[in-house]
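**Student:** My file is entry-v6.tsv. It has TSV, C-alpha atoms:
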chain	number	residue	atom	x	y	z
Y	1	MET	CA	310.05	146.00	10.42
Y	2	ASN	CA	309.40	144.57	13.87
Y	3	ARG	CA	307.51	141.42	14.58
Y	4	ARG	CA	304.29	143.12	15.65
Y	5	ASN	CA	304.05	145.18	12.50
Y	6	PHE	CA	304.88	142.20	10.38
Y	7	LEU	CA	302.05	140.17	11.88
Y	8	LYS	CA	299.63	143.06	11.57
Y	9	ASN	CA	300.54	143.62	7.93
Y	10	SER	CA	300.30	139.99	6.94
Y	11	LEU	CA	296.95	139.75	8.66
Y	12	MET	CA	295.70	142.80	6.77
Y	13	THR	CA	296.93	141.36	3.50
Y	14	ALA	CA	295.19	138.10	4.23
Y	15	VAL	CA	291.92	139.91	4.97
Y	16	ALA	CA	292.28	142.04	1.86
Y	17	LEU	CA	292.97	138.99	-0.27
Y	18	THR	CA	289.95	137.09	0.98
Y	19	THR	CA	287.61	140.03	0.39
Y	20	LEU	CA	289.15	140.58	-3.01
Y	21	SER	CA	288.79	136.96	-4.06
Y	22	GLY	CA	285.25	137.03	-2.68
Y	23	LEU	CA	284.51	139.97	-4.95
Y	24	LEU	CA	286.16	138.31	-7.90
Y	25	ILE	CA	284.30	135.06	-7.54
Y	26	LYS	CA	280.87	136.55	-6.89
Y	27	PRO	CA	279.93	137.99	-10.31
Y	28	LYS	CA	280.25	134.57	-11.89
Y	29	SER	CA	277.10	133.28	-10.27
Y	30	VAL	CA	274.85	136.32	-10.51
Y	31	PHE	CA	273.09	135.20	-13.67
Y	32	ALA	CA	269.39	135.42	-13.08
Y	33	ALA	CA	267.42	132.23	-12.78
Y	34	TRP	CA	265.44	131.00	-15.78
Y	35	PRO	CA	263.27	134.02	-16.76
Y	36	LYS	CA	259.88	132.31	-16.80
Y	37	ALA	CA	257.93	135.54	-17.31
Y	38	SER	CA	259.89	136.45	-20.46
Y	39	PHE	CA	259.50	132.97	-21.91
Y	40	ASP	CA	255.72	133.03	-21.30
Y	41	ILE	CA	254.97	136.30	-23.11
Y	42	THR	CA	253.12	135.85	-26.41
Y	43	ASN	CA	253.79	139.26	-28.03
Y	44	LEU	CA	257.15	140.16	-29.59
Y	45	ASP	CA	257.37	143.77	-28.35
Y	46	GLU	CA	256.35	142.80	-24.83
Y	47	SER	CA	258.81	139.95	-24.91
Y	48	ILE	CA	261.73	142.20	-25.88
Y	49	LYS	CA	260.64	144.73	-23.26
Y	50	SER	CA	260.55	142.11	-20.53
Y	51	VAL	CA	264.13	141.09	-21.32
Y	52	TYR	CA	265.74	144.51	-21.67
Y	53	GLY	CA	263.26	146.88	-20.01
Y	54	HIS	CA	262.78	148.63	-23.40
Y	55	ASN	CA	262.37	147.63	-27.04
Y	56	ASP	CA	264.89	150.02	-28.46
Y	57	LEU	CA	266.96	147.73	-30.68
Y	58	SER	CA	269.44	149.23	-33.09
Y	59	GLU	CA	269.77	147.14	-36.21
Y	60	THR	CA	273.41	146.75	-37.22
Y	61	THR	CA	275.49	144.82	-39.71
Y	62	LYS	CA	277.90	144.02	-36.87
Y	63	VAL	CA	275.51	141.31	-35.74
Y	64	LYS	CA	275.51	138.36	-38.12
Y	65	LEU	CA	272.49	136.11	-38.06
Y	66	LYS	CA	272.72	132.97	-40.12
Y	67	ALA	CA	269.51	131.09	-40.80
Y	68	PRO	CA	268.07	129.33	-43.84
Y	69	ASP	CA	265.89	131.27	-46.32
Y	70	ILE	CA	263.47	128.37	-46.42
Y	71	ALA	CA	263.11	125.82	-43.66
Y	72	GLU	CA	261.55	122.67	-45.00
Y	73	ASN	CA	261.04	121.35	-41.52
Y	74	GLY	CA	260.01	123.92	-38.91
Y	75	ALA	CA	260.97	121.53	-36.13
Y	76	ILE	CA	264.65	121.96	-36.86
Y	77	VAL	CA	265.78	125.40	-37.98
Y	78	PRO	CA	269.52	125.95	-37.56
Y	79	ILE	CA	270.43	129.40	-36.23
Y	80	ASN	CA	273.91	130.86	-35.87
Y	81	VAL	CA	274.71	134.24	-34.37
Y	82	LYS	CA	278.03	135.98	-34.17
Y	83	THR	CA	279.10	139.56	-33.74
Y	84	ALA	CA	282.13	141.80	-33.95
Y	85	LEU	CA	280.84	143.86	-31.02
Y	86	LYS	CA	282.97	143.98	-27.89
Y	87	ASN	CA	282.03	143.14	-24.29
Y	88	VAL	CA	278.93	141.20	-25.22
Y	89	GLU	CA	276.81	140.32	-22.20
Y	90	SER	CA	274.12	138.27	-23.82
Y	91	ILE	CA	272.60	137.05	-27.06
Y	92	MET	CA	268.83	136.48	-27.36
Y	93	ILE	CA	266.89	134.90	-30.19
Y	94	PHE	CA	263.28	135.93	-30.84
Y	95	VAL	CA	260.89	134.41	-33.36
Y	96	GLU	CA	258.08	136.87	-34.08
Y	97	ASN	CA	255.32	134.44	-35.05
Y	98	ASN	CA	256.01	131.69	-32.53
Y	99	PRO	CA	253.46	131.23	-29.71
Y	100	GLN	CA	256.13	132.64	-27.37
Y	101	PRO	CA	258.62	134.79	-29.29
Y	102	LEU	CA	261.58	134.34	-26.94
Y	103	SER	CA	263.22	131.08	-27.96
Y	104	SER	CA	266.50	131.19	-26.14
Y	105	GLY	CA	269.03	133.35	-24.37
Y	106	TYR	CA	272.79	133.02	-24.03
Y	107	ASN	CA	274.59	134.74	-21.16
Y	108	LEU	CA	278.25	135.16	-21.94
Y	109	THR	CA	281.19	135.65	-19.62
Y	110	SER	CA	284.52	137.38	-20.12
Y	111	LYS	CA	285.91	134.04	-21.29
Y	112	SER	CA	283.39	133.33	-24.03
Y	113	LEU	CA	283.39	134.72	-27.55
Y	114	PRO	CA	280.12	136.06	-29.00
Y	115	ILE	CA	279.50	133.10	-31.28
Y	116	ILE	CA	276.62	130.72	-30.68
Y	117	GLY	CA	274.60	128.23	-32.66
Y	118	THR	CA	271.56	126.11	-32.00
Y	119	ARG	CA	268.47	124.64	-33.63
Y	120	ILE	CA	265.00	125.99	-32.93
Y	121	LYS	CA	261.37	125.21	-33.74
Y	122	MET	CA	259.22	127.53	-35.81
Y	123	GLY	CA	255.44	127.24	-36.07
Y	124	LYS	CA	255.19	129.17	-39.31
Y	125	THR	CA	257.01	131.62	-41.57
Y	126	SER	CA	258.39	134.37	-39.40
Y	127	LYS	CA	261.01	137.01	-38.82
Y	128	ILE	CA	263.85	135.89	-36.57
Y	129	ILE	CA	265.59	138.52	-34.48
Y	130	ALA	CA	268.99	138.08	-32.90
Y	131	ALA	CA	269.58	140.68	-30.19
Y	132	VAL	CA	273.01	141.31	-28.72
Y	133	LYS	CA	273.53	143.28	-25.53
Y	134	SER	CA	276.87	145.03	-25.50
Y	135	GLU	CA	278.03	147.82	-23.17
Y	136	GLY	CA	274.50	148.58	-22.06
Y	137	LYS	CA	273.05	148.87	-25.57
Y	138	VAL	CA	271.04	146.36	-27.54
Y	139	PHE	CA	271.93	145.65	-31.16
Y	140	SER	CA	270.08	143.38	-33.52
Y	141	ALA	CA	269.91	141.62	-36.85
Y	142	SER	CA	266.87	139.98	-38.34
Y	143	LYS	CA	265.94	137.61	-41.08
Y	144	GLU	CA	262.73	136.25	-42.58
Y	145	VAL	CA	262.59	132.46	-42.64
Y	146	LYS	CA	259.94	130.68	-44.71
Y	147	VAL	CA	258.59	127.55	-43.14
Y	148	THR	CA	256.92	124.94	-45.30
Y	149	ILE	CA	255.99	122.47	-42.52
Y	150	GLY	CA	255.42	123.88	-39.05
Y	151	GLY	CA	257.29	122.49	-36.06
Y	152	CYS	CA	254.80	123.18	-33.30
Y	153	GLY	CA	251.50	121.54	-32.41
Y	154	GLY	CA	250.52	118.24	-33.98
D	1	MET	CA	274.29	106.37	-20.28
D	2	SER	CA	274.97	109.97	-20.59
D	3	THR	CA	272.51	112.10	-22.50
D	4	ILE	CA	275.27	114.49	-23.55
D	5	LYS	CA	277.73	114.34	-26.41
D	6	ILE	CA	280.49	116.93	-26.47
D	7	ARG	CA	283.22	117.73	-28.93
D	8	ALA	CA	285.64	120.45	-27.86
D	9	LYS	CA	288.61	121.44	-29.95
D	10	GLU	CA	291.18	124.16	-29.44
D	11	ARG	CA	292.61	126.25	-32.27
D	12	ASN	CA	294.65	129.44	-31.91
D	13	GLY	CA	293.62	129.94	-28.30
D	14	SER	CA	289.89	129.53	-28.78
D	15	VAL	CA	287.96	126.40	-28.04
D	16	THR	CA	284.98	125.51	-30.20
D	17	VAL	CA	282.48	123.39	-28.35
D	18	LYS	CA	279.79	121.43	-30.14
D	19	THR	CA	277.30	119.53	-28.11
D	20	LEU	CA	274.17	117.43	-28.52
D	21	MET	CA	271.81	116.58	-25.69
D	22	LYS	CA	269.20	113.86	-25.76
D	23	HIS	CA	265.90	115.34	-24.63
D	24	PRO	CA	262.26	115.30	-25.87
D	25	MET	CA	261.90	119.14	-25.63
D	26	GLU	CA	258.11	118.82	-25.37
D	27	THR	CA	256.48	122.24	-25.81
D	28	GLY	CA	253.29	121.60	-23.90
D	29	GLN	CA	251.25	122.54	-26.97
D	30	ARG	CA	251.30	119.28	-28.86
D	31	VAL	CA	247.98	117.41	-28.66
D	32	ASN	CA	247.71	113.69	-28.10
D	33	LYS	CA	245.25	112.76	-30.84
D	34	LYS	CA	243.92	109.69	-28.97
D	35	THR	CA	242.93	111.48	-25.78
D	36	GLY	CA	242.68	115.09	-26.94
D	37	ASP	CA	244.95	116.14	-24.08
D	38	LYS	CA	248.11	118.12	-24.46
D	39	PHE	CA	251.41	116.43	-23.78
D	40	PRO	CA	252.81	118.18	-20.70
D	41	ALA	CA	255.74	120.52	-21.31
D	42	HIS	CA	259.11	118.93	-20.74
D	43	PHE	CA	262.16	120.82	-21.90
D	44	ILE	CA	265.67	121.83	-20.92
D	45	GLN	CA	265.66	125.26	-19.31
D	46	GLU	CA	269.28	125.81	-18.50
D	47	VAL	CA	272.63	124.69	-19.84
D	48	ILE	CA	275.78	125.70	-17.99
D	49	ALA	CA	279.28	125.20	-19.33
D	50	LYS	CA	282.34	125.47	-17.11
D	51	ALA	CA	285.98	125.33	-18.11
D	52	ASN	CA	288.25	124.27	-15.25
D	53	GLY	CA	285.49	125.25	-12.83
D	54	ASP	CA	284.84	128.75	-14.24
D	55	GLU	CA	281.55	129.52	-15.94
D	56	VAL	CA	281.96	130.07	-19.66
D	57	ILE	CA	278.36	130.38	-20.82
D	58	VAL	CA	274.91	130.12	-19.22
D	59	VAL	CA	272.15	129.30	-21.65
D	60	HIS	CA	268.42	129.71	-21.03
D	61	TRP	CA	266.18	127.73	-23.33
D	62	GLY	CA	262.45	127.89	-23.88
D	63	PRO	CA	260.29	125.11	-25.31
D	64	ALA	CA	260.96	126.40	-28.86
D	65	VAL	CA	264.39	124.79	-29.00
D	66	SER	CA	264.42	121.66	-31.17
D	67	LYS	CA	264.18	118.11	-29.85
D	68	ASN	CA	267.56	116.60	-28.94
D	69	PRO	CA	269.02	120.10	-28.81
D	70	TYR	CA	272.26	121.16	-30.40
D	71	LEU	CA	274.42	123.91	-28.99
D	72	THR	CA	277.68	125.35	-30.14
D	73	PHE	CA	279.77	128.10	-28.56
D	74	VAL	CA	283.35	129.35	-28.47
D	75	TYR	CA	285.52	130.43	-25.55
D	76	ASN	CA	289.12	131.44	-24.85
D	77	GLY	CA	290.82	128.34	-23.58
D	78	SER	CA	293.47	125.77	-24.20
D	79	LYS	CA	294.11	122.12	-24.85
D	80	GLY	CA	293.54	119.93	-21.81
D	81	ASP	CA	290.87	122.21	-20.23
D	82	LYS	CA	288.32	120.28	-18.24
D	83	LEU	CA	285.05	121.27	-19.85
D	84	GLU	CA	281.93	120.49	-17.85
D	85	LEU	CA	278.45	120.76	-19.31
D	86	THR	CA	275.29	120.53	-17.21
D	87	TRP	CA	271.64	120.70	-18.29
D	88	LEU	CA	268.59	121.16	-16.12
D	89	ASP	CA	264.99	120.70	-17.27
D	90	ASN	CA	261.63	122.02	-16.07
D	91	LYS	CA	260.94	118.79	-14.16
D	92	GLY	CA	264.12	119.12	-12.12
D	93	ASN	CA	266.05	116.43	-14.00
D	94	ARG	CA	269.67	117.11	-14.75
D	95	ASP	CA	272.69	115.55	-16.33
D	96	SER	CA	276.27	116.59	-16.73
D	97	LYS	CA	279.39	115.46	-18.45
D	98	THR	CA	283.03	116.49	-18.37
D	99	VAL	CA	285.44	116.15	-21.27
D	100	GLU	CA	289.00	117.21	-21.93
D	101	VAL	CA	289.54	119.81	-24.64
D	102	LYS	CA	291.48	118.40	-27.58
Now that the file is in, can you turn its structure into structure tokens?

**Tutor:**
Amino acid sequence: MNRRNFLKNSLMTAVALTTLSGLLIKPKSVFAAWPKASFDITNLDESIKSVYGHNDLSETTKVKLKAPDIAENGAIVPINVKTALKNVESIMIFVENNPQPLSSGYNLTSKSLPIIGTRIKMGKTSKIIAAVKSEGKVFSASKEVKVTIGGCGG
Amino acid sequence: MSTIKIRAKERNGSVTVKTLMKHPMETGQRVNKKTGDKFPAHFIQEVIAKANGDEVIVVHWGPAVSKNPYLTFVYNGSKGDKLELTWLDNKGNRDSKTVEVK
């Protein structure tokens, strides 16, 4: 290899590497900003539609939703979601009878495992839906939680 | 003083992160009984966790998350990872904290 070719090749490699690393780094910051519209919607079906573009959820036992049967205090209802599904993009938690059904959303990366837990507020007894987006499809699990003292309003 | 408490522990290649943030998480629907006005909404909207600079999870919260929110998640990592957690609320306040995975 002569000098000219060597320089040309190394330059090409350098260019290729920078574009490649550019491509690799980019997807990490493409998460949409806080979805105000989805959080404002007051109807469950509309809320699910605004997140996924459809409300076609397939209920599966592969999504595990852990929540209490009875929540004595609606201000603190512990929720845990995990799933055996692969390539999970996001996990969303909806509470049907809350003023705004969408309570929270979790965008995962290739590094994270599909296991999340948090505590939410519930105004009254309601069905909780955990929706998991995996490989373009949306799977779900749901559970009815009885609330004895509401956690919203005052 | 930081508003964030983090506990991150590695076991068999996965790191379990448990965190508590100090925040009122005001929904905007609670009524002040003295004045009849609603308390303005004030809640954390976004929580971002990074391990050694790479995003691990991006969380979007609405006002229906409990006061002084709790969050737990798991990621593939190892002991000694620098785990950084940042929250951002609807008034533009933010806080962040970095811990080493144990």

**Student:** Give me, as an MDAnalysis selection string, the contact residues of chain D against chain Y at a cut-off of 6 Å, counting only C-alpha atoms.

**Tutor:** chainID D and resid 29:31 56:62 64:66 70:76

**Student:** Distance CA of Asn55 (chain Y)-CA of Ala67 (chain Y), one decimal place?

**Tutor:**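 Spanning CA of Asn55 (chain Y) to CA of Ala67 (chain Y) is a straight-line distance of 22.7 Å.
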
**Student:** Find the residues near Lys9 (chain D): any atom within 9 Å, counting all atoms listed in the file, skip ones fewer than 2 places away on the same chain, and give them as number ranges by chain.

**Tutor:** D: 7, 11, 14-18, 78-79, 101-102

**Student:** Would you pick out the contacts of Lys22 (chain D) at 12 Å or less, using only C-alpha atoms, so that residues sharing its chain but fewer than 5 positions from it are not included, and give the list as a PyMOL selection string?

**Tutor:** chain D and resi 1-6+43-44+66-71+87+89+94-96

**Student:** Between Y:Ala37, Y:Pro68, Y:Ser142, Y:Asp45, single out the one closest to Ile128 (chain Y), counting all atoms listed in the file.

**Tutor:**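 Using all atoms listed in the file, the shortest distance to Ile128 (chain Y) belongs to Y:Ser142.
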
**Student:** To one decimal place in Å, what is the distance between CA of Val63 (chain Y) and CA of Ala8 (chain D)?

**Tutor:**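 Those two atoms sit 24.5 Å apart.
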
**Student:** Using CA of Val147 (chain Y) and CA of Ser126 (chain Y) as the two end points, give the distance in Å to one decimal.

**Tutor:**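 Interatomic distance here is 7.8 Å.
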
**Student:** Around (291.0, 124.1, -16.4) in the file's frame, which residues reach within 6 Å when counting only C-alpha atoms? Return as a PyMOL selection string?

**Tutor:** chain D and resi 51-52+81-82

**Student:** Have a look at Y:Leu85, Y:Ala130, Y:Val138, Y:Val145 and name the one nearest to Lys49 (chain Y); count all atoms listed in the file.

**Tutor:**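 When distances to Lys49 (chain Y) are compared using all atoms listed in the file, the smallest one comes from Y:Val138.
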
**Student:** Choose the residue, out of D:Lys91, D:Glu10, D:Thr98, D:Gly53, that has the smallest atom-to-atom separation from Ala41 (chain D); count all atoms listed in the file.

**Tutor:**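 Nearest candidate to Ala41 (chain D) out of D:Lys91, D:Glu10, D:Thr98, D:Gly53: D:Lys91.
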
**Student:** Assuming the input is short of atoms at region 60-82 of chain D, produce N, CA, C and O atoms for that part as a PDB file, keeping the file's coordinate frame.

**Tutor:**
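Writing the result to rebuild_17.pdb gives the following:
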ATOM      1  N   HIS D  60     269.811 129.908 -21.430  1.00  0.00           N
ATOM      2  CA  HIS D  60     268.420 129.710 -21.030  1.00  0.00           C
ATOM      3  C   HIS D  60     267.618 129.323 -22.250  1.00  0.00           C
ATOM      4  O   HIS D  60     267.593 130.069 -23.226  1.00  0.00           O
ATOM      5  N   TRP D  61     266.957 128.190 -22.195  1.00  0.00           N
ATOM      6  CA  TRP D  61     266.180 127.730 -23.330  1.00  0.00           C
ATOM      7  C   TRP D  61     264.693 127.718 -23.003  1.00  0.00           C
ATOM      8  O   TRP D  61     264.293 127.377 -21.889  1.00  0.00           O
ATOM      9  N   GLY D  62     263.886 128.039 -23.999  1.00  0.00           N
ATOM     10  CA  GLY D  62     262.450 127.890 -23.880  1.00  0.00           C
ATOM     11  C   GLY D  62     262.047 126.617 -24.605  1.00  0.00           C
ATOM     12  O   GLY D  62     262.902 125.914 -25.155  1.00  0.00           O
ATOM     13  N   PRO D  63     260.743 126.326 -24.647  1.00  0.00           N
ATOM     14  CA  PRO D  63     260.290 125.110 -25.310  1.00  0.00           C
ATOM     15  C   PRO D  63     260.483 125.134 -26.834  1.00  0.00           C
ATOM     16  O   PRO D  63     260.333 124.115 -27.488  1.00  0.00           O
ATOM     17  N   ALA D  64     260.819 126.297 -27.411  1.00  0.00           N
ATOM     18  CA  ALA D  64     260.960 126.400 -28.860  1.00  0.00           C
ATOM     19  C   ALA D  64     262.325 125.952 -29.376  1.00  0.00           C
ATOM     20  O   ALA D  64     262.653 126.172 -30.530  1.00  0.00           O
ATOM     21  N   VAL D  65     263.128 125.338 -28.513  1.00  0.00           N
ATOM     22  CA  VAL D  65     264.390 124.790 -29.000  1.00  0.00           C
ATOM     23  C   VAL D  65     264.111 123.345 -29.436  1.00  0.00           C
ATOM     24  O   VAL D  65     263.341 122.622 -28.805  1.00  0.00           O
ATOM     25  N   SER D  66     264.726 122.954 -30.555  1.00  0.00           N
ATOM     26  CA  SER D  66     264.420 121.660 -31.170  1.00  0.00           C
ATOM     27  C   SER D  66     264.691 120.480 -30.242  1.00  0.00           C
ATOM     28  O   SER D  66     265.518 120.547 -29.340  1.00  0.00           O
ATOM     29  N   LYS D  67     263.984 119.385 -30.550  1.00  0.00           N
ATOM     30  CA  LYS D  67     264.180 118.110 -29.850  1.00  0.00           C
ATOM     31  C   LYS D  67     265.639 117.661 -29.995  1.00  0.00           C
ATOM     32  O   LYS D  67     266.258 117.902 -31.022  1.00  0.00           O
ATOM     33  N   ASN D  68     266.144 116.993 -28.984  1.00  0.00           N
ATOM     34  CA  ASN D  68     267.560 116.600 -28.940  1.00  0.00           C
ATOM     35  C   ASN D  68     268.448 117.784 -29.309  1.00  0.00           C
ATOM     36  O   ASN D  68     269.108 117.796 -30.338  1.00  0.00           O
ATOM     37  N   PRO D  69     268.429 118.808 -28.450  1.00  0.00           N
ATOM     38  CA  PRO D  69     269.020 120.100 -28.810  1.00  0.00           C
ATOM     39  C   PRO D  69     270.521 120.061 -29.093  1.00  0.00           C
ATOM     40  O   PRO D  69     271.259 119.273 -28.525  1.00  0.00           O
ATOM     41  N   TYR D  70     270.887 120.969 -29.974  1.00  0.00           N
ATOM     42  CA  TYR D  70     272.260 121.160 -30.400  1.00  0.00           C
ATOM     43  C   TYR D  70     272.692 122.538 -29.927  1.00  0.00           C
ATOM     44  O   TYR D  70     271.913 123.494 -29.988  1.00  0.00           O
ATOM     45  N   LEU D  71     273.898 122.619 -29.440  1.00  0.00           N
ATOM     46  CA  LEU D  71     274.420 123.910 -28.990  1.00  0.00           C
ATOM     47  C   LEU D  71     275.887 123.994 -29.365  1.00  0.00           C
ATOM     48  O   LEU D  71     276.654 123.054 -29.170  1.00  0.00           O
ATOM     49  N   THR D  72     276.262 125.138 -29.911  1.00  0.00           N
ATOM     50  CA  THR D  72     277.680 125.350 -30.140  1.00  0.00           C
ATOM     51  C   THR D  72     278.073 126.728 -29.607  1.00  0.00           C
ATOM     52  O   THR D  72     277.285 127.666 -29.640  1.00  0.00           O
ATOM     53  N   PHE D  73     279.267 126.818 -29.055  1.00  0.00           N
ATOM     54  CA  PHE D  73     279.770 128.100 -28.560  1.00  0.00           C
ATOM     55  C   PHE D  73     281.296 128.058 -28.578  1.00  0.00           C
ATOM     56  O   PHE D  73     281.898 127.000 -28.786  1.00  0.00           O
ATOM     57  N   VAL D  74     281.893 129.232 -28.389  1.00  0.00           N
ATOM     58  CA  VAL D  74     283.350 129.350 -28.470  1.00  0.00           C
ATOM     59  C   VAL D  74     283.845 130.105 -27.246  1.00  0.00           C
ATOM     60  O   VAL D  74     283.207 131.060 -26.798  1.00  0.00           O
ATOM     61  N   TYR D  75     284.952 129.673 -26.676  1.00  0.00           N
ATOM     62  CA  TYR D  75     285.520 130.430 -25.550  1.00  0.00           C
ATOM     63  C   TYR D  75     287.052 130.420 -25.638  1.00  0.00           C
ATOM     64  O   TYR D  75     287.642 129.608 -26.355  1.00  0.00           O
ATOM     65  N   ASN D  76     287.658 131.360 -24.905  1.00  0.00           N
ATOM     66  CA  ASN D  76     289.120 131.440 -24.850  1.00  0.00           C
ATOM     67  C   ASN D  76     289.633 130.378 -23.907  1.00  0.00           C
ATOM     68  O   ASN D  76     289.396 130.455 -22.699  1.00  0.00           O
ATOM     69  N   GLY D  77     290.335 129.410 -24.431  1.00  0.00           N
ATOM     70  CA  GLY D  77     290.820 128.340 -23.580  1.00  0.00           C
ATOM     71  C   GLY D  77     291.976 127.624 -24.228  1.00  0.00           C
ATOM     72  O   GLY D  77     292.520 128.083 -25.231  1.00  0.00           O
ATOM     73  N   SER D  78     292.334 126.486 -23.643  1.00  0.00           N
ATOM     74  CA  SER D  78     293.470 125.770 -24.200  1.00  0.00           C
ATOM     75  C   SER D  78     293.262 124.268 -24.130  1.00  0.00           C
ATOM     76  O   SER D  78     292.343 123.783 -23.465  1.00  0.00           O
ATOM     77  N   LYS D  79     294.125 123.573 -24.817  1.00  0.00           N
ATOM     78  CA  LYS D  79     294.110 122.120 -24.850  1.00  0.00           C
ATOM     79  C   LYS D  79     294.191 121.580 -23.424  1.00  0.00           C
ATOM     80  O   LYS D  79     294.927 122.119 -22.597  1.00  0.00           O
ATOM     81  N   GLY D  80     293.443 120.539 -23.131  1.00  0.00           N
ATOM     82  CA  GLY D  80     293.540 119.930 -21.810  1.00  0.00           C
ATOM     83  C   GLY D  80     292.584 120.541 -20.781  1.00  0.00           C
ATOM     84  O   GLY D  80     292.472 120.042 -19.668  1.00  0.00           O
ATOM     85  N   ASP D  81     291.885 121.645 -21.131  1.00  0.00           N
ATOM     86  CA  ASP D  81     290.870 122.210 -20.230  1.00  0.00           C
ATOM     87  C   ASP D  81     289.854 121.136 -19.889  1.00  0.00           C
ATOM     88  O   ASP D  81     289.482 120.336 -20.742  1.00  0.00           O
ATOM     89  N   LYS D  82     289.415 121.172 -18.621  1.00  0.00           N
ATOM     90  CA  LYS D  82     288.320 120.280 -18.240  1.00  0.00           C
ATOM     91  C   LYS D  82     287.016 121.025 -18.488  1.00  0.00           C
ATOM     92  O   LYS D  82     286.688 121.986 -17.799  1.00  0.00           O
TER      93      LYS D  82
END
